[in-house]
Amino acid sequence: MSVAIRTRQLTKRFGKLVAVSDLDLTIPTGSIFGFIGPNGAGKTTTLRMLAGLLDPTEGEIELAGESITRNPDAARWLVGYMPDFFGVYEDMKVWEYLDFFARCYRLSPQRRRRVVNELLELVDLAHKRDDFVEHLSRGMRQRLCLAHVLVHDPPILLLDEPASGLDPRARVEMRELLKELGKLKKTIVISSHILSELAELCDTVGIIEKGRLVAAGTVEEVAALARGGRVVRVRLLDASTTRPAALQLLKPYQGVVEVFEDSEGDVVEFVFDGDDVALAALLRHLVTHNVPVISFSSEHTDLEDLFLRLTKGEVQ
Amino acid sequence: MRGRVGALLDAFLPVLVKEMRGRMRGARAFGILTVALLGFSSFSALVYAILVNTSTWDPRTASSAYIGQSLFRSLMLFETFTLLLIVPGLAAGAISQEHESRTYEMLVATPLPAAGIVLGKMGATLSYVLLLLIATVPFTSLFFVFGGITISDVVTVLALLMAIAATFAAITMFFSALLKRTVRAVVLSYVLVAAWIGLPFFGFIAHGILRNDVPPRFWLVPSPLSAVSSAFSVLSPESFFTAIGQGVAPGAVTMRPTWHFTLLLYAFLALPAVIGAAHFVRPAGRRRALRRELAALALGWGLLFVVALVTFRPEDWRGLFVARQPQPVQHLEIREAPVEVAPPPTPVPERTDD
């Protein structure tokens, strides 16, 4: 597995305030990483350090194997950065806006023209090509800003709250656009408060609070960390009579961390710490002991729930 | 070295193109240009009317060349004032507006070097100033009808005005980058301009009063008005312009004109202003860059020092500190043309017809 972003002991202090503390982050190439945390947790500070816009107080940053701490200019070429609060050059036309950034990345005139047209198509602004930026809606500006980070085709995208302030339709459009970018095999780091969207988009997540990384990994891994394992739901036939037997079998079983005895209806829920093979063995164990199982599944993890479990809500 | 210069050029052009697109679009740029030209022409008409009205008692106005030169000088000083008002207004928002409109992070996240961003924005400001100056040239050329000015005068003064604009643009952009707020940068720049215009004359006059003597002209070297005044051919040594310029015309051999020293001083000041602006534009790695920036400053100042050593003679420097009366330039001095007096007719002896 190649690593796109790696930080070691990354720390940023502003005077006495520790914005980011000993952050160790490893994001594999091609993954979409959701960066979750309450306001003031250190998400934006981390992204700005990754984009080379802020000097870390301590620690190391590597982007695509290149040390940004030693060669900060490398970040400019490797990263496309979209800030959380951004403005646009209002007095420019839409194509001029992208053309300016393409010039900044020293694209040849022919390539510039091609890239501008392709990006306008990608973000669905081709019909607004000759309009002034000031006449674009908020959602269109957001998409234009997203297009500008792509002009130099960077392998890493750092998107700070890309959907904030958008109406529901614009959010859906933005989400679809991010999915498209995910298909381009770019490493994307998205910070957002809209956790349901992140859950749909991201294959890995990191939860940060008070500058410290609380948990990181795939959504399932983080869920396991939050609960000491994954939650498994078992639906039983004739639960009123079969539930006691099921509970009796589950409680002493190796890997079962906790059984929720207050599960409602015909469902039994328990936390299981083990891989898929062990889980299959558990199912076999239940069936061979004549527990009538209708369905057996790992619970779909709710990112919002995880976030609330893992953070204490001390920063807002 | 080549890489850094190349990167600077690569950064200069995109920013210049962007700024020019923004600046020249719409009616505002041409509105300012029109108002400035109207102001220049009205001012010239006023000066001309004053000259015509003083013709009854000022014998100098009998000379067409005197009128031409007075018009040209007045206009150039008025243009200097106008530039000192316009340039801070144009340059004060160059960097701070990027912060205020939240475009700064996206701009500095690109590979553009900070110095390239500063120079590109400065280039856009100076391009607009150049446009303004060039727009006045056809109008100025009307003064050639009166005589008294040369093409060299026009070129010298325009180049000097550009140098003044560049210096004030650099200093204003430094404030813009340092303060990150346009209003603060504008206010500080105008305070500086006022001090820059006023203090040299104040020092010059105070020195004269305290020492009861003609003060040395080093006081006037920082003044843009003195610099511009010293760049003309001197026709009338008693004039206001000569008094504030205290220099002599190019071509005169006795003393270097004040503006030569002013240019040198401005170059010494503009260099740290540009480097300082670039320092504050840099989003990160300022401490790392500081050593490079100080080295660039030392190199630039060193080059300027060498230029000063090669160009200026020791007596040029002494001339700055010696009190002197302005000297007229002989070849342009008005002199009464000697009246050809016809020899008295030789008396013809009367013929006697004896």
# chains A, B, ... in the order shown; residues from 1 in each chain; ligands from 1
call {"tool": "interface_residues", "arguments": {"of": "chain A", "to": "chain B", "cutoff": "6 Å", "atoms": "only C-alpha atoms", "output": "PyMOL selection string"}}
result
chain A and resi 53-55+76+86-87+91+103
call {"tool": "write_last_selection", "arguments": {"atoms": "N, CA and C atoms", "output": "compact mmCIF listing (two decimals), in the first residue's frame"}}
result
# COMPACT_ATOMS: atom_id res chain seq x y z
N LEU A 53 0.81 25.90 3.80
CA LEU A 53 0.46 27.30 4.07
C LEU A 53 0.73 27.69 5.52
N LEU A 54 1.16 26.74 6.30
CA LEU A 54 1.41 27.00 7.71
C LEU A 54 2.58 26.13 8.14
N ASP A 55 3.51 26.75 8.85
CA ASP A 55 4.67 25.98 9.33
C ASP A 55 4.28 25.17 10.55
N ARG A 76 3.09 22.63 -3.27
CA ARG A 76 2.35 23.44 -4.26
C ARG A 76 1.95 22.60 -5.48
N PHE A 86 -13.64 30.96 1.31
CA PHE A 86 -12.83 31.44 0.19
C PHE A 86 -13.60 32.49 -0.58
N GLY A 87 -12.86 33.33 -1.24
CA GLY A 87 -13.47 34.32 -2.12
C GLY A 87 -13.10 34.00 -3.55
N ASP A 91 -14.24 40.19 -10.53
CA ASP A 91 -14.19 40.94 -11.79
C ASP A 91 -13.64 40.13 -12.95
N ARG A 103 -2.27 29.41 -15.55
CA ARG A 103 -1.03 30.14 -15.79
C ARG A 103 -0.09 30.04 -14.59
call {"tool": "residues_around", "arguments": {"residues": "Val133 of chain A", "least_positions_apart": "2", "cutoff": "9 Å", "atoms": "only C-alpha atoms", "output": "short mmCIF file (atom, residue, chain, number, x, y, z; two decimals) with N, CA and C atoms, in the first residue's frame"}}
result
data_model
loop_
_atom_site.label_atom_id
_atom_site.label_comp_id
_atom_site.auth_asym_id
_atom_site.auth_seq_id
_atom_site.Cartn_x
_atom_site.Cartn_y
_atom_site.Cartn_z
N VAL A 88 -13.68 34.71 -4.46
CA VAL A 88 -13.33 34.53 -5.87
C VAL A 88 -13.05 35.92 -6.45
N TYR A 89 -12.30 35.93 -7.52
CA TYR A 89 -12.04 37.22 -8.18
C TYR A 89 -13.29 37.61 -8.96
N GLU A 90 -14.05 38.50 -8.36
CA GLU A 90 -15.38 38.82 -8.89
C GLU A 90 -15.33 39.46 -10.27
N ASP A 91 -14.24 40.19 -10.53
CA ASP A 91 -14.19 40.94 -11.79
C ASP A 91 -13.64 40.13 -12.95
N MET A 92 -13.55 38.83 -12.75
CA MET A 92 -13.05 37.98 -13.84
C MET A 92 -14.19 37.16 -14.42
N LYS A 93 -14.01 36.76 -15.67
CA LYS A 93 -14.96 35.81 -16.25
C LYS A 93 -14.61 34.41 -15.76
N VAL A 94 -15.56 33.51 -15.87
CA VAL A 94 -15.37 32.16 -15.33
C VAL A 94 -14.14 31.50 -15.95
N TYR A 97 -10.86 32.98 -14.75
CA TYR A 97 -10.52 32.56 -13.39
C TYR A 97 -9.67 31.28 -13.43
N LYS A 128 -21.56 28.63 -18.41
CA LYS A 128 -21.31 29.92 -17.74
C LYS A 128 -19.92 30.45 -18.08
N ASP A 130 -18.43 32.40 -20.17
CA ASP A 130 -18.14 33.82 -20.38
C ASP A 130 -18.87 34.74 -19.41
N ASP A 131 -19.48 34.15 -18.40
CA ASP A 131 -20.14 35.00 -17.38
C ASP A 131 -19.11 35.49 -16.38
N HIS A 135 -21.53 36.89 -10.93
CA HIS A 135 -22.92 36.53 -11.21
C HIS A 135 -23.23 35.07 -10.90
N LEU A 136 -22.25 34.32 -10.41
CA LEU A 136 -22.49 32.90 -10.12
C LEU A 136 -23.15 32.74 -8.76
N SER A 137 -23.94 31.68 -8.64
CA SER A 137 -24.56 31.37 -7.35
C SER A 137 -23.49 30.78 -6.41
N ARG A 141 -20.03 28.88 -7.46
CA ARG A 141 -18.72 29.36 -7.02
C ARG A 141 -17.94 28.24 -6.34
N LEU A 144 -16.68 26.07 -8.97
CA LEU A 144 -15.58 26.73 -9.68
C LEU A 144 -14.29 26.65 -8.85
#
call {"tool": "closest_residue", "arguments": {"among": "A:Ala4, A:Lys251, A:Cys145, A:Thr45", "to": "Gly65 of chain A", "atoms": "only C-alpha atoms"}}
result
A:Ala4
call {"tool": "closest_atom_pairs", "arguments": {"of": "segment 107-163 of chain A", "to": "segment 195-219 of chain A", "cutoff": "12 Å", "atoms": "only C-alpha atoms", "output": "tab-separated table"}}
result
residue	atom	partner	partner_atom	distance
A:Glu161	CA	A:Leu198	CA	10.6
A:Pro162	CA	A:Leu198	CA	11.1
A:Ala163	CA	A:Glu197	CA	9.4
call {"tool": "select_by_dssp", "arguments": {"residues": "segment 19-56 of chain A", "states": "strand (DSSP E)", "output": "list in words"}}
result
Ala19, Val20, Ser21, Asp22, Leu23, Asp24, Leu25, Thr26, Ile27, Pro28, Ile32, Phe33, Gly34, Phe35 and Ile36 of chain A
call {"tool": "closest_residue", "arguments": {"among": "A:Ser295, A:Asn290, A:Thr57, A:Thr187", "to": "Arg235 of chain A", "atoms": "only C-alpha atoms"}}
result
A:Ser295
call {"tool": "residues_around", "arguments": {"residues": "Ala298 of chain B", "least_positions_apart": "6", "cutoff": "12 Å", "atoms": "only C-alpha atoms", "output": "PyMOL selection string"}}
result
chain B and resi 268+271-272+275+291-292+304-305
call {"tool": "write_last_selection", "arguments": {"atoms": "C-alpha atoms", "output": "PDB file, in the first residue's frame"}}
result
ATOM      1  CA  PHE B 268      17.843  52.104  -2.012  1.00  0.00           C
ATOM      2  CA  LEU B 271      14.474  47.434  -2.804  1.00  0.00           C
ATOM      3  CA  PRO B 272      13.823  46.601   0.880  1.00  0.00           C
ATOM      4  CA  ILE B 275      11.673  42.316  -0.481  1.00  0.00           C
ATOM      5  CA  ARG B 291      18.410  34.642   5.196  1.00  0.00           C
ATOM      6  CA  ARG B 292      17.836  34.507   1.417  1.00  0.00           C
ATOM      7  CA  LEU B 304      23.538  50.180  -6.095  1.00  0.00           C
ATOM      8  CA  PHE B 305      26.551  51.189  -4.047  1.00  0.00           C
TER       9      PHE B 305
END
call {"tool": "closest_residue", "arguments": {"among": "B:Gly148, B:Leu290, B:Thr34, B:Tyr48", "to": "Ser63 of chain B", "atoms": "only C-alpha atoms"}}
result
B:Gly148
call {"tool": "residues_around", "arguments": {"residues": "Thr125 of chain B", "least_positions_apart": "2", "cutoff": "8 Å", "atoms": "only C-alpha atoms", "output": "list in words"}}
result
Val87, Leu90, Ala91, Lys121, Met122, Gly123, Ser127, Tyr128, Val129 and Ala169 of chain B
call {"tool": "write_last_selection", "arguments": {"atoms": "C-alpha atoms", "output": "JSON list (two decimals), in the first residue's frame"}}
result
[["chain", "number", "residue", "atom", "x", "y", "z"],
["B", 87, "VAL", "CA", -0.35, 55.44, -6.58],
["B", 90, "LEU", "CA", -3.85, 51.80, -6.59],
["B", 91, "ALA", "CA", -1.25, 49.85, -4.64],
["B", 121, "LYS", "CA", 0.98, 43.47, -8.79],
["B", 122, "MET", "CA", 3.47, 46.30, -8.84],
["B", 123, "GLY", "CA", 3.80, 45.90, -12.61],
["B", 127, "SER", "CA", 1.28, 49.87, -16.19],
["B", 128, "TYR", "CA", -1.74, 51.92, -15.26],
["B", 129, "VAL", "CA", 0.48, 54.85, -14.23],
["B", 169, "ALA", "CA", 4.06, 51.70, -5.15]]
call {"tool": "atom_distance", "arguments": {"atom1": "atom CA of Glu269 of chain A", "atom2": "atom CA of His289 of chain A"}}
result
18.0 Å
call {"tool": "select_by_dssp", "arguments": {"residues": "segment 80-309 of chain A", "states": "helix (DSSP H, G or I)", "output": "NGL selection string"}}
result
:A and (94-104 or 109-122 or 126-128 or 133-135 or 138-148 or 168-183 or 195-201 or 219-227 or 239-250 or 276-288 or 303-309)
call {"tool": "residues_around", "arguments": {"residues": "Ala102 of chain A", "least_positions_apart": "2", "cutoff": "10 Å", "atoms": "only C-alpha atoms", "output": "MDAnalysis selection string"}}
result
(chainID A and resid 96:100 104:109 111:113 115:116 148:152) or (chainID B and resid 14 110)
call {"tool": "atom_distance", "arguments": {"atom1": "atom CA of Ser191 of chain A", "atom2": "atom CA of Glu58 of chain A"}}
result
22.3 Å
call {"tool": "residues_around", "arguments": {"residues": "Val322 of chain B", "least_positions_apart": "2", "cutoff": "9 Å", "atoms": "only C-alpha atoms", "output": "list in words"}}
result
Pro215, Pro216, Arg217, Phe218, Arg318, Gly319, Leu320 and Arg324 of chain B
call {"tool": "residues_around", "arguments": {"residues": "Gly42 of chain A", "least_positions_apart": "2", "cutoff": "12 Å", "atoms": "only C-alpha atoms", "output": "PyMOL selection string"}}
result
chain A and resi 10-14+17-23+35-40+44-49+160+191+206-213+315-316
call {"tool": "write_last_selection", "arguments": {"atoms": "C-alpha atoms", "output": "compact mmCIF listing (two decimals), in the first residue's frame"}}
result
# COMPACT_ATOMS: atom_id res chain seq x y z
CA LEU A 10 2.69 16.88 13.79
CA THR A 11 2.19 19.73 16.23
CA LYS A 12 1.11 23.33 15.81
CA ARG A 13 1.09 25.83 18.64
CA PHE A 14 -0.14 29.41 18.47
CA LEU A 17 -2.78 27.38 22.39
CA VAL A 18 -2.04 23.91 21.06
CA ALA A 19 -4.06 23.68 17.84
CA VAL A 20 -2.71 20.29 16.73
CA SER A 21 -0.86 17.90 18.97
CA ASP A 22 1.32 14.93 17.98
CA LEU A 23 -0.82 14.04 14.99
CA PHE A 35 -11.60 14.47 8.53
CA ILE A 36 -14.13 14.88 11.30
CA GLY A 37 -14.08 17.06 14.33
CA PRO A 38 -15.96 19.80 16.09
CA ASN A 39 -15.25 23.47 15.41
CA GLY A 40 -11.83 24.45 16.69
CA THR A 44 -8.29 23.49 9.19
CA THR A 45 -4.91 23.98 10.86
CA THR A 46 -3.94 20.44 9.84
CA LEU A 47 -5.10 20.94 6.25
CA ARG A 48 -3.25 24.26 6.00
CA MET A 49 -0.07 22.59 7.24
CA ASP A 160 -11.95 22.04 3.75
CA SER A 191 -13.20 17.92 6.31
CA GLY A 206 -10.13 10.41 11.11
CA ILE A 207 -11.76 11.94 14.14
CA ILE A 208 -9.94 14.83 15.75
CA GLU A 209 -10.71 16.66 18.96
CA LYS A 210 -8.73 19.37 20.71
CA GLY A 211 -5.91 18.89 18.23
CA ARG A 212 -5.55 15.19 18.94
CA LEU A 213 -6.46 12.38 16.62
CA VAL A 315 -14.63 22.26 21.64
CA GLN A 316 -17.33 23.98 19.67
call {"tool": "atom_distance", "arguments": {"atom1": "atom CA of Asp266 of chain A", "atom2": "atom CA of Arg243 of chain A"}}
result
7.9 Å
call {"tool": "closest_residue", "arguments": {"among": "B:Ala124, B:Leu77, B:Leu303, B:Val281", "to": "Ser226 of chain B", "atoms": "only C-alpha atoms"}}
result
B:Leu77
